[in-house]
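Okay, entry.cif now, which holds mmCIF, C-alpha atoms and all ligand atoms:
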```cif
data_upload
loop_
_atom_site.label_atom_id
_atom_site.label_comp_id
_atom_site.auth_asym_id
_atom_site.auth_seq_id
_atom_site.Cartn_x
_atom_site.Cartn_y
_atom_site.Cartn_z
CA GLY I 1 74.63 -28.43 161.45
CA ALA I 2 75.88 -28.63 157.87
CA TRP I 3 73.58 -28.65 154.87
CA LEU I 4 73.63 -30.67 151.66
CA GLY I 5 71.58 -29.75 148.59
CA VAL I 6 69.94 -31.58 145.70
CA LEU I 7 68.60 -30.42 142.36
CA GLY I 8 65.32 -32.23 141.73
CA GLY I 9 62.55 -33.28 144.06
CA GLY I 10 61.55 -36.74 142.84
CA GLN I 11 61.86 -40.03 144.68
CA LEU I 12 65.61 -40.25 144.15
CA GLY I 13 65.99 -36.85 145.79
CA ARG I 14 63.70 -37.96 148.62
CA MET I 15 65.74 -41.06 149.37
CA PHE I 16 68.93 -39.00 149.19
CA CYS I 17 67.46 -36.55 151.73
CA GLN I 18 66.51 -39.36 154.08
CA ALA I 19 70.00 -40.90 153.88
CA ALA I 20 71.71 -37.54 154.41
CA GLN I 21 69.45 -36.75 157.38
CA ALA I 22 70.29 -40.11 158.94
CA LEU I 23 73.94 -38.97 158.87
CA GLY I 24 72.98 -35.77 160.68
CA TYR I 25 72.82 -33.36 157.73
CA ARG I 26 70.09 -30.96 156.89
CA VAL I 27 69.00 -30.90 153.28
CA ALA I 28 67.71 -28.34 150.80
CA VAL I 29 65.84 -29.32 147.64
CA LEU I 30 65.49 -27.16 144.54
CA ASP I 31 62.38 -28.11 142.55
CA PRO I 32 59.82 -25.87 140.87
CA ALA I 33 56.81 -27.98 141.95
CA GLN I 34 54.60 -26.79 144.80
CA THR I 35 54.89 -30.22 146.42
CA CYS I 36 57.20 -33.07 145.49
CA PRO I 37 58.46 -36.29 147.11
CA ALA I 38 61.81 -34.79 148.21
CA GLY I 39 60.36 -31.41 149.17
CA MET I 40 58.08 -33.18 151.66
CA VAL I 41 61.01 -34.54 153.66
CA ALA I 42 63.61 -31.81 153.07
CA ASP I 43 64.51 -29.18 155.66
CA GLU I 44 64.04 -26.54 152.99
CA HIS I 45 62.27 -26.67 149.64
CA ILE I 46 63.30 -23.90 147.26
CA ARG I 47 60.58 -23.60 144.62
CA ALA I 48 62.22 -22.29 141.48
CA ALA I 49 63.37 -23.35 138.03
CA TYR I 50 66.56 -25.42 137.87
CA ASP I 51 68.34 -22.60 136.04
CA ASP I 52 67.10 -19.74 138.24
CA PRO I 53 70.34 -17.90 139.21
CA ALA I 54 68.96 -16.47 142.45
CA ALA I 55 67.69 -19.88 143.58
CA LEU I 56 71.00 -21.52 142.70
CA ASP I 57 72.88 -18.88 144.65
CA ARG I 58 70.61 -19.40 147.63
CA LEU I 59 71.26 -23.14 147.45
CA ALA I 60 75.01 -22.53 147.25
CA GLN I 61 74.86 -20.14 150.19
CA ARG I 62 73.03 -22.73 152.30
CA CYS I 63 74.84 -25.92 151.37
CA ALA I 64 78.40 -27.21 151.60
CA ALA I 65 77.80 -29.45 148.59
CA VAL I 66 75.08 -29.95 145.99
CA THR I 67 74.13 -32.96 143.87
CA THR I 68 71.45 -33.83 141.33
CA GLU I 69 68.84 -36.56 141.23
CA PHE I 70 68.04 -36.45 137.51
CA GLU I 71 70.24 -36.28 134.45
CA ASN I 72 68.39 -33.61 132.54
CA VAL I 73 69.27 -30.91 135.05
CA PRO I 74 70.94 -28.01 133.19
CA ALA I 75 74.69 -28.73 133.25
CA ASP I 76 75.25 -24.97 133.59
CA SER I 77 73.43 -25.00 136.93
CA LEU I 78 75.98 -27.48 138.30
CA ARG I 79 78.78 -25.35 136.81
CA ARG I 80 77.42 -22.25 138.53
CA LEU I 81 77.19 -24.07 141.87
CA ALA I 82 80.74 -25.40 141.41
CA ARG I 83 82.11 -21.84 141.40
CA THR I 84 81.57 -21.59 145.15
CA ARG I 85 80.61 -25.04 146.41
CA ILE I 86 81.21 -28.73 145.80
CA ALA I 87 79.03 -29.88 142.92
CA ALA I 88 79.06 -33.67 142.68
CA PRO I 89 78.75 -34.79 139.96
CA ALA I 90 80.22 -32.00 137.85
CA GLY I 91 78.25 -30.40 135.02
CA GLU I 92 80.61 -31.98 132.46
CA ALA I 93 79.85 -35.53 133.59
CA VAL I 94 76.13 -34.86 133.55
CA ALA I 95 76.37 -33.31 130.09
CA VAL I 96 77.96 -36.51 128.78
CA ALA I 97 75.15 -38.64 130.19
CA GLN I 98 72.56 -36.34 128.60
CA ASP I 99 73.58 -37.20 125.07
CA ARG I 100 73.76 -40.81 123.87
CA LEU I 101 76.39 -39.95 121.26
CA ALA I 102 78.74 -38.21 123.71
CA GLU I 103 78.04 -41.00 126.15
CA LYS I 104 78.98 -43.76 123.70
CA SER I 105 82.22 -41.96 122.69
CA TYR I 106 83.15 -41.44 126.31
CA ILE I 107 82.50 -45.05 127.19
CA GLN I 108 84.66 -46.20 124.28
CA ALA I 109 87.41 -43.75 125.20
CA ALA I 110 87.46 -45.36 128.65
CA GLY I 111 88.23 -48.67 126.95
CA VAL I 112 84.78 -50.14 127.57
CA PRO I 113 83.03 -51.95 124.69
CA VAL I 114 79.68 -50.71 123.34
CA ALA I 115 77.27 -51.85 120.59
CA ALA I 116 78.15 -50.88 116.99
CA HIS I 117 76.40 -47.58 116.29
CA ALA I 118 76.27 -44.46 114.11
CA ALA I 119 75.21 -40.87 114.64
CA ILE I 120 72.08 -40.05 112.64
CA GLY I 121 71.63 -36.31 112.22
CA SER I 122 70.04 -36.37 108.79
CA ALA I 123 68.48 -38.67 106.20
CA ALA I 124 71.85 -38.72 104.43
CA ASP I 125 73.47 -40.29 107.50
CA LEU I 126 70.92 -43.09 107.24
CA ASP I 127 71.82 -43.62 103.56
CA ALA I 128 75.49 -43.81 104.47
CA CYS I 129 75.49 -46.02 107.55
CA PRO I 130 76.68 -49.63 107.18
CA ASP I 131 74.31 -52.56 106.56
CA THR I 132 75.65 -54.21 109.70
CA LEU I 133 73.56 -51.80 111.84
CA PHE I 134 70.36 -53.57 110.72
CA PRO I 135 68.30 -54.83 112.39
CA GLY I 136 68.84 -52.01 114.83
CA ILE I 137 67.36 -49.59 117.33
CA LEU I 138 67.02 -45.92 116.49
CA LYS I 139 67.10 -43.77 119.64
CA THR I 140 66.85 -40.02 120.08
CA ALA I 141 70.21 -38.78 121.33
CA ARG I 142 68.61 -36.76 124.12
CA PHE I 143 65.75 -37.00 126.66
CA GLY I 144 64.80 -40.65 126.08
CA TYR I 145 63.95 -42.88 129.05
CA ASP I 146 61.81 -45.94 129.81
CA GLY I 147 62.18 -46.90 126.13
CA LYS I 148 60.55 -43.63 124.97
CA GLY I 149 61.97 -41.97 121.87
CA GLN I 150 63.23 -45.20 120.35
CA ALA I 151 62.13 -47.58 117.61
CA ARG I 152 63.24 -51.03 116.53
CA VAL I 153 64.02 -50.96 112.82
CA ALA I 154 64.44 -54.11 110.73
CA SER I 155 65.74 -52.32 107.66
CA ARG I 156 67.12 -49.04 106.34
CA ASP I 157 63.63 -48.20 105.01
CA GLU I 158 62.05 -48.70 108.40
CA ALA I 159 64.79 -46.55 109.89
CA ARG I 160 63.98 -43.74 107.44
CA GLN I 161 60.32 -43.89 108.46
CA ALA I 162 61.16 -43.96 112.17
CA PHE I 163 63.59 -41.03 111.79
CA GLY I 164 60.82 -39.06 110.07
CA ALA I 165 58.38 -39.91 112.84
CA LEU I 166 60.90 -38.49 115.34
CA HIS I 167 60.79 -35.23 113.34
CA GLY I 168 64.47 -35.39 112.50
CA ALA I 169 65.65 -35.09 116.10
CA PRO I 170 69.36 -36.06 116.36
CA CYS I 171 69.52 -39.82 116.84
CA ILE I 172 71.81 -42.75 117.32
CA LEU I 173 71.33 -46.00 115.44
CA GLU I 174 72.57 -49.07 117.29
CA ALA I 175 72.85 -52.61 115.97
CA LEU I 176 70.36 -54.87 117.73
CA GLN I 177 72.32 -57.09 120.12
CA PRO I 178 71.55 -60.74 120.94
CA LEU I 179 70.91 -60.17 124.65
CA ASP I 180 71.12 -62.93 127.19
CA TYR I 181 70.23 -60.57 130.04
CA GLU I 182 70.77 -57.02 131.32
CA ILE I 183 72.61 -55.92 134.44
CA SER I 184 73.59 -52.68 136.07
CA VAL I 185 76.41 -51.69 138.34
CA VAL I 186 76.36 -48.75 140.74
CA VAL I 187 79.66 -47.15 141.68
CA ALA I 188 80.50 -44.36 144.08
CA ARG I 189 83.65 -42.29 143.65
CA ASP I 190 84.79 -39.74 146.21
CA LEU I 191 86.43 -36.33 145.89
CA HIS I 192 89.91 -37.93 146.16
CA GLY I 193 89.22 -40.44 143.41
CA ARG I 194 88.71 -43.47 145.64
CA SER I 195 85.85 -45.64 144.47
CA VAL I 196 83.69 -48.62 145.32
CA SER I 197 81.29 -50.72 143.26
CA TYR I 198 78.22 -52.74 144.13
CA PRO I 199 77.45 -56.28 142.98
CA PRO I 200 75.50 -56.18 139.69
CA SER I 201 71.74 -56.57 139.67
CA ARG I 202 69.82 -58.24 136.86
CA ASN I 203 67.12 -56.05 135.35
CA VAL I 204 63.73 -57.22 134.07
CA HIS I 205 61.61 -54.69 132.17
CA ARG I 206 57.89 -54.70 131.47
CA ASP I 207 56.52 -52.37 128.76
CA GLY I 208 59.93 -50.69 128.63
CA ILE I 209 59.90 -49.83 132.34
CA LEU I 210 62.09 -51.48 134.95
CA ALA I 211 59.86 -53.96 136.79
CA LEU I 212 62.29 -56.01 138.85
CA SER I 213 65.98 -55.85 139.69
CA VAL I 214 67.57 -58.91 141.27
CA ALA I 215 70.91 -59.19 143.06
CA ASP I 216 70.89 -62.90 143.88
CA GLY I 217 74.53 -63.64 143.11
CA SER I 218 73.62 -65.47 139.91
CA VAL I 219 75.71 -63.35 137.56
CA PRO I 220 78.85 -65.43 136.91
CA ASP I 221 81.94 -64.03 138.66
CA GLY I 222 83.75 -63.39 135.36
CA ILE I 223 80.91 -61.28 134.01
CA ALA I 224 80.25 -59.48 137.30
CA GLY I 225 83.97 -58.69 137.60
CA GLN I 226 84.15 -57.32 134.06
CA ALA I 227 81.08 -55.13 134.54
CA ARG I 228 82.30 -53.75 137.87
CA GLY I 229 85.72 -53.08 136.36
CA HIS I 230 84.16 -51.29 133.39
CA ALA I 231 81.96 -49.14 135.62
CA LEU I 232 84.95 -48.15 137.77
CA SER I 233 87.06 -47.34 134.67
CA LEU I 234 84.29 -45.15 133.38
CA ALA I 235 84.02 -43.25 136.67
CA ASP I 236 87.83 -42.75 136.68
CA HIS I 237 87.84 -41.63 133.06
CA LEU I 238 85.15 -39.02 133.81
CA ASP I 239 86.95 -38.05 137.05
CA TYR I 240 83.48 -38.59 138.44
CA HIS I 241 82.41 -37.51 141.91
CA GLY I 242 79.27 -39.07 143.32
CA VAL I 243 77.13 -42.08 142.45
CA LEU I 244 77.07 -43.40 138.89
CA CYS I 245 75.05 -46.28 137.49
CA VAL I 246 76.11 -48.12 134.33
CA GLU I 247 73.75 -50.44 132.44
CA PHE I 248 75.26 -53.41 130.62
CA PHE I 249 74.07 -55.95 128.08
CA VAL I 250 75.31 -59.49 128.59
CA LEU I 251 75.28 -61.13 125.17
CA ARG I 252 74.59 -64.77 124.42
CA ASP I 253 78.29 -65.26 123.60
CA GLY I 254 79.19 -63.93 127.08
CA ARG I 255 80.46 -60.52 125.96
CA VAL I 256 79.64 -57.54 128.17
CA LEU I 257 78.71 -54.23 126.47
CA ALA I 258 77.95 -50.96 128.23
CA ASN I 259 74.60 -49.49 127.16
CA GLU I 260 74.13 -46.22 129.03
CA MET I 261 74.86 -44.52 132.30
CA ALA I 262 72.98 -42.40 134.83
CA PRO I 263 74.89 -39.73 136.79
CA ARG I 264 72.98 -40.42 140.00
CA PRO I 265 71.58 -43.25 142.11
CA HIS I 266 69.45 -45.52 139.94
CA ASN I 267 66.22 -47.47 140.26
CA SER I 268 68.17 -50.70 139.74
CA GLY I 269 70.32 -49.83 142.78
CA HIS I 270 67.44 -49.51 145.23
CA TYR I 271 68.13 -53.04 146.44
CA THR I 272 71.23 -51.60 148.19
CA GLN I 273 68.96 -49.87 150.74
CA ASP I 274 68.19 -53.16 152.44
CA GLY I 275 70.50 -55.67 150.74
CA CYS I 276 73.83 -53.93 151.40
CA LEU I 277 75.61 -52.45 154.37
CA VAL I 278 75.53 -48.91 152.95
CA SER I 279 72.96 -47.80 150.35
CA GLN I 280 73.64 -45.93 147.11
CA PHE I 281 71.93 -42.86 148.64
CA GLU I 282 74.15 -42.87 151.70
CA GLN I 283 77.21 -43.11 149.43
CA GLN I 284 75.97 -40.04 147.56
CA ALA I 285 75.74 -38.11 150.85
CA ARG I 286 79.12 -39.43 152.03
CA VAL I 287 80.86 -38.28 148.85
CA MET I 288 79.36 -34.80 149.14
CA ALA I 289 80.21 -34.53 152.82
CA GLY I 290 83.80 -35.72 152.33
CA LEU I 291 83.15 -38.78 154.49
CA PRO I 292 84.72 -42.20 153.80
CA LEU I 293 82.85 -44.40 151.34
CA GLY I 294 80.91 -47.25 152.91
CA GLY I 295 80.97 -51.01 152.46
CA THR I 296 79.12 -52.31 149.41
CA GLU I 297 78.98 -55.95 150.48
CA MET I 298 75.63 -57.70 150.38
CA LEU I 299 73.99 -58.77 153.61
CA ARG I 300 71.65 -61.20 151.85
CA PRO I 301 70.51 -61.97 148.30
CA ALA I 302 68.12 -59.11 147.50
CA ALA I 303 65.67 -57.82 144.91
CA MET I 304 63.71 -54.66 144.18
CA LEU I 305 60.17 -54.82 142.82
CA ASN I 306 58.84 -51.55 141.37
CA LEU I 307 55.37 -50.37 142.37
CA LEU I 308 53.84 -48.58 139.40
CA GLY I 309 50.62 -46.57 139.51
CA ASP I 310 48.71 -49.40 137.77
CA LEU I 311 48.55 -51.14 141.14
CA TRP I 312 46.40 -48.30 142.47
CA PHE I 313 43.55 -49.23 140.10
CA ASP I 314 41.42 -52.36 139.97
CA ALA I 315 40.45 -54.25 136.79
CA GLN I 316 37.54 -51.83 136.27
CA GLY I 317 39.83 -48.82 136.58
CA ARG I 318 38.49 -47.84 140.01
CA PRO I 319 41.03 -46.45 142.48
CA ARG I 320 42.19 -48.79 145.24
CA GLU I 321 45.02 -49.10 147.76
CA PRO I 322 47.34 -52.06 147.23
CA ASP I 323 47.44 -54.73 149.94
CA TRP I 324 50.46 -53.52 151.92
CA ALA I 325 49.69 -55.77 154.87
CA GLY I 326 49.74 -58.73 152.51
CA VAL I 327 53.10 -57.63 151.08
CA LEU I 328 54.64 -57.06 154.49
CA ALA I 329 53.34 -60.42 155.72
CA VAL I 330 55.85 -62.03 153.36
CA PRO I 331 59.07 -62.41 155.40
CA GLY I 332 62.10 -60.40 154.24
CA THR I 333 60.13 -57.53 152.70
CA ARG I 334 60.51 -53.78 153.19
CA LEU I 335 58.17 -51.20 151.68
CA HIS I 336 59.40 -47.86 150.29
CA LEU I 337 56.65 -45.45 149.18
CA TYR I 338 57.48 -42.06 147.69
CA GLY I 339 54.56 -40.02 149.01
CA LYS I 340 53.23 -39.09 145.56
CA SER I 341 49.76 -37.66 145.96
CA GLU I 342 48.29 -38.92 142.71
CA ALA I 343 48.69 -42.37 141.17
CA ARG I 344 49.03 -42.47 137.40
CA ARG I 345 49.37 -45.71 135.48
CA ALA I 346 53.07 -45.90 134.59
CA ARG I 347 54.18 -43.64 137.44
CA LYS I 348 56.77 -44.99 139.86
CA MET I 349 54.99 -44.80 143.23
CA GLY I 350 57.34 -46.88 145.35
CA HIS I 351 59.19 -50.17 145.53
CA VAL I 352 59.42 -53.26 147.68
CA ASN I 353 62.81 -54.63 148.62
CA ILE I 354 62.87 -58.35 149.24
CA LEU I 355 65.61 -60.34 150.97
CA GLY I 356 66.12 -64.08 151.22
CA ALA I 357 68.58 -66.38 152.99
CA ASP I 358 69.58 -67.73 149.58
CA ALA I 359 68.60 -67.26 145.93
CA ALA I 360 65.87 -69.93 146.07
CA GLN I 361 64.18 -68.35 149.08
CA LEU I 362 64.52 -64.90 147.52
CA HIS I 363 62.77 -66.03 144.33
CA ALA I 364 60.00 -67.76 146.27
CA ARG I 365 59.40 -64.53 148.15
CA ILE I 366 59.42 -62.44 144.95
CA ALA I 367 56.73 -64.78 143.62
CA ARG I 368 54.68 -64.41 146.81
CA VAL I 369 54.88 -60.61 146.79
CA SER I 370 54.00 -60.56 143.08
CA ALA I 371 50.97 -62.77 143.73
CA VAL I 372 49.76 -60.51 146.56
CA LEU I 373 50.02 -57.51 144.25
CA GLY I 374 48.45 -59.31 141.31
CA LEU I 375 51.65 -59.18 139.23
CA SER I 376 51.58 -62.61 137.65
CA ASP I 377 54.85 -62.94 135.74
CA ALA I 378 57.44 -60.98 137.74
P1 LIG E 1 66.04 -46.42 130.68
O1 LIG E 1 64.66 -46.35 131.24
O2 LIG E 1 66.83 -47.63 131.14
O3 LIG E 1 66.82 -45.15 130.84
P2 LIG E 1 66.15 -45.86 127.83
O4 LIG E 1 64.89 -45.34 127.26
O5 LIG E 1 67.24 -44.89 128.14
O6 LIG E 1 65.83 -46.73 129.11
P3 LIG E 1 67.81 -48.01 126.74
O7 LIG E 1 68.13 -48.49 128.10
O8 LIG E 1 68.95 -47.60 125.90
O9 LIG E 1 66.69 -46.87 126.75
O10 LIG E 1 66.99 -49.14 125.97
C1 LIG E 1 65.82 -49.69 126.51
C2 LIG E 1 65.85 -51.20 126.38
O11 LIG E 1 65.86 -51.56 124.99
C3 LIG E 1 67.09 -51.84 126.96
O12 LIG E 1 66.94 -52.07 128.35
C4 LIG E 1 67.18 -53.12 126.13
O13 LIG E 1 66.28 -54.09 126.62
C5 LIG E 1 66.70 -52.67 124.78
N1 LIG E 1 67.83 -52.27 123.94
C6 LIG E 1 68.35 -51.02 123.84
N2 LIG E 1 69.38 -50.98 122.98
C7 LIG E 1 69.52 -52.23 122.51
C8 LIG E 1 70.40 -52.86 121.57
N3 LIG E 1 71.37 -52.16 120.95
N4 LIG E 1 70.25 -54.19 121.33
C9 LIG E 1 69.28 -54.89 121.95
N5 LIG E 1 68.41 -54.37 122.83
C10 LIG E 1 68.53 -53.07 123.12
MG MG E 2 68.24 -44.35 129.80
MG MG E 3 68.37 -48.13 129.97
#
```
Taking this structure as input, can you express it in the form of structure tokens?
Amino acid sequence: GAWLGVLGGGQLGRMFCQAAQALGYRVAVLDPAQTCPAGMVADEHIRAAYDDPAALDRLAQRCAAVTTEFENVPADSLRRLARTRIAAPAGEAVAVAQDRLAEKSYIQAAGVPVAAHAAIGSAADLDACPDTLFPGILKTARFGYDGKGQARVASRDEARQAFGALHGAPCILEALQPLDYEISVVVARDLHGRSVSYPPSRNVHRDGILALSVADGSVPDGIAGQARGHALSLADHLDYHGVLCVEFFVLRDGRVLANEMAPRPHNSGHYTQDGCLVSQFEQQARVMAGLPLGGTEMLRPAAMLNLLGDLWFDAQGRPREPDWAGVLAVPGTRLHLYGKSEARRARKMGHVNILGADAAQLHARIARVSAVLGLSDA
């Protein structure tokens, strides 16, 4: 049988492996860890650094196509793989997503609106940027996630302090936007340039980490249509191959701005595993295998509730196992655990997908699952 490969052994790689295996493929994972969520389910786990030439060549020898599950994979590794095999996405697309400045320019070049911003490479750039960027958010251009490496700044003085605290790492300063809510759209684009998009999900964060993502059909059609159109334009503009997620801000005046993108399946798209005909992970495998893209239509209103490591500790900090039977006793629920051996507080350990016959039933079930888990305000 044919093999598909993935760089990275986290939960996204694991769910990719499972989807590819369900289509009859064998999968190889490259990840330096001794054990990892994807390595546990893969047909082969190559333990080596992501830029190890011998390991990359072995992966290329094995696999018809290779993908990535995290954006900070060395772009050169994808370029090396692409010399002999299909690499989807390409190193170039991943490189754009690794740098917020390149990302913002690319998004704008695709004709998609973004927040007003400026590149901040030095204190002088902060002196020179317009007043209209305050209040703003200063973000490191690279390696930020879950709200890490960013600071809200009310004034130019606060921005100077925050820039200093980031030790002068290259940054972007964005004007703070009046958000109504946040959504994301997952698209899949195949090797011939055909593409599909999923209905947007609404994202709710807690402590900077995605807590809940809801696809209940409540995003107005005009806004959902704009966001899906923008995400597809972006994928076309990048000549993207694979699964791409684009996060959007919906402003109080109804405007839709793109915030950032992820060159891979995304946490906010996990609802597609149970809420849609074909999941984001299966689309990733289909693109790599040269198979037709699948239907993105929703079967039911759906939501994804993240299970962070906090749930594995009681109020006294003693380890415990969450009440899975209680969760699964709520109708319409499906549990996805990532097989991580050790729970740490903010670590993503799994998620629960929740379906309802309509939005009201879905929200009632989200509340019930949250209550079982002791999450009061989800
Ligand atoms: P992720 O975990 O989604 O990758 P991240 O660390 O890359 O997060 P962003 O998504 O850019 O960072 O920002 C984190 C959150 O901060 C956003 O979800 C949004 O709530 C808020 N935020 C970011 N930029 C702005 C902005 N320009 N105006 C208002 N709020 C913002
Ligand atoms: Mg991000
Ligand atoms: Mg984000």
Using all atoms listed in the file: which of I:Gly208, I:Pro74, I:Pro32, I:Gly164 has the shortest distance to ligand MG 3 (chain E):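 Among the listed residues, I:Gly208 lies closest to ligand MG 3 (chain E).
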Selection near I:Val204, 10 Å with all atoms listed in the file, sequence-local residues under 3 positions removed, as an MDAnalysis selection string: chainID I and resid 181:183 201 208:214 268 305 378
Env. residues ligand LIG 1 (chain E) / 8 Å / all atoms listed in the file / as a PyMOL selection string: chain I and resi 115-116+136-137+139+144-150+174-179+182+205+208-210+247+249+259-260+262
Contact residues around I:Val256 with all atoms listed in the file at 10 Å, ignoring same-chain residues under 4 positions, as a list in words: Val112, Pro113, Val114, Ala115, Leu179, Glu182, Ile183, Ile223, Ala224, Gln226, Ala227, His230, Phe248, Phe249, Val250, Leu251 and Arg252 of chain I
Same residues, C-alpha atoms, saved as a compact mmCIF listing (two decimals), keeping the file's coordinate frame:
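Saved as out.txt:
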```
# COMPACT_ATOMS: atom_id res chain seq x y z
CA VAL I 112 84.78 -50.14 127.57
CA PRO I 113 83.03 -51.95 124.69
CA VAL I 114 79.68 -50.71 123.34
CA ALA I 115 77.27 -51.85 120.59
CA LEU I 179 70.91 -60.17 124.65
CA GLU I 182 70.77 -57.02 131.32
CA ILE I 183 72.61 -55.92 134.44
CA ILE I 223 80.91 -61.28 134.01
CA ALA I 224 80.25 -59.48 137.30
CA GLN I 226 84.15 -57.32 134.06
CA ALA I 227 81.08 -55.13 134.54
CA HIS I 230 84.16 -51.29 133.39
CA PHE I 248 75.26 -53.41 130.62
CA PHE I 249 74.07 -55.95 128.08
CA VAL I 250 75.31 -59.49 128.59
CA LEU I 251 75.28 -61.13 125.17
CA ARG I 252 74.59 -64.77 124.42
```
Proximity to I:Ala359 - best of I:Val94, I:Leu59, I:Val187, I:Ala302, all atoms listed in the file: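 Between I:Val94, I:Leu59, I:Val187, I:Ala302, the residue approaching I:Ala359 most closely is I:Ala302.
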Separation of atom CA of I:Gly10 from atom CA of I:Ala38 in Å: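 Separation of atom CA of I:Ala38 and atom CA of I:Gly10: 5.7 Å.
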Centre and edges of the stretch 203-213 of chain I box, axis-aligned, 8 Å extra per side, as JSON:
```
{"center_x": 61.8, "center_y": -53.5, "center_z": 134.2, "size_x": 26.6, "size_y": 23.4, "size_z": 27.1}
```
Separation of atom CA of I:Thr132 from atom CA of I:Asp253 in Å: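 Distance between the two atoms: 18.0 Å.
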Given only C-alpha atoms as the counted atoms, nearest of I:Phe70, I:Trp312, I:Tyr198, I:Tyr271 to I:Thr333: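 With only C-alpha atoms as the atom set, the closest residue is I:Tyr271.
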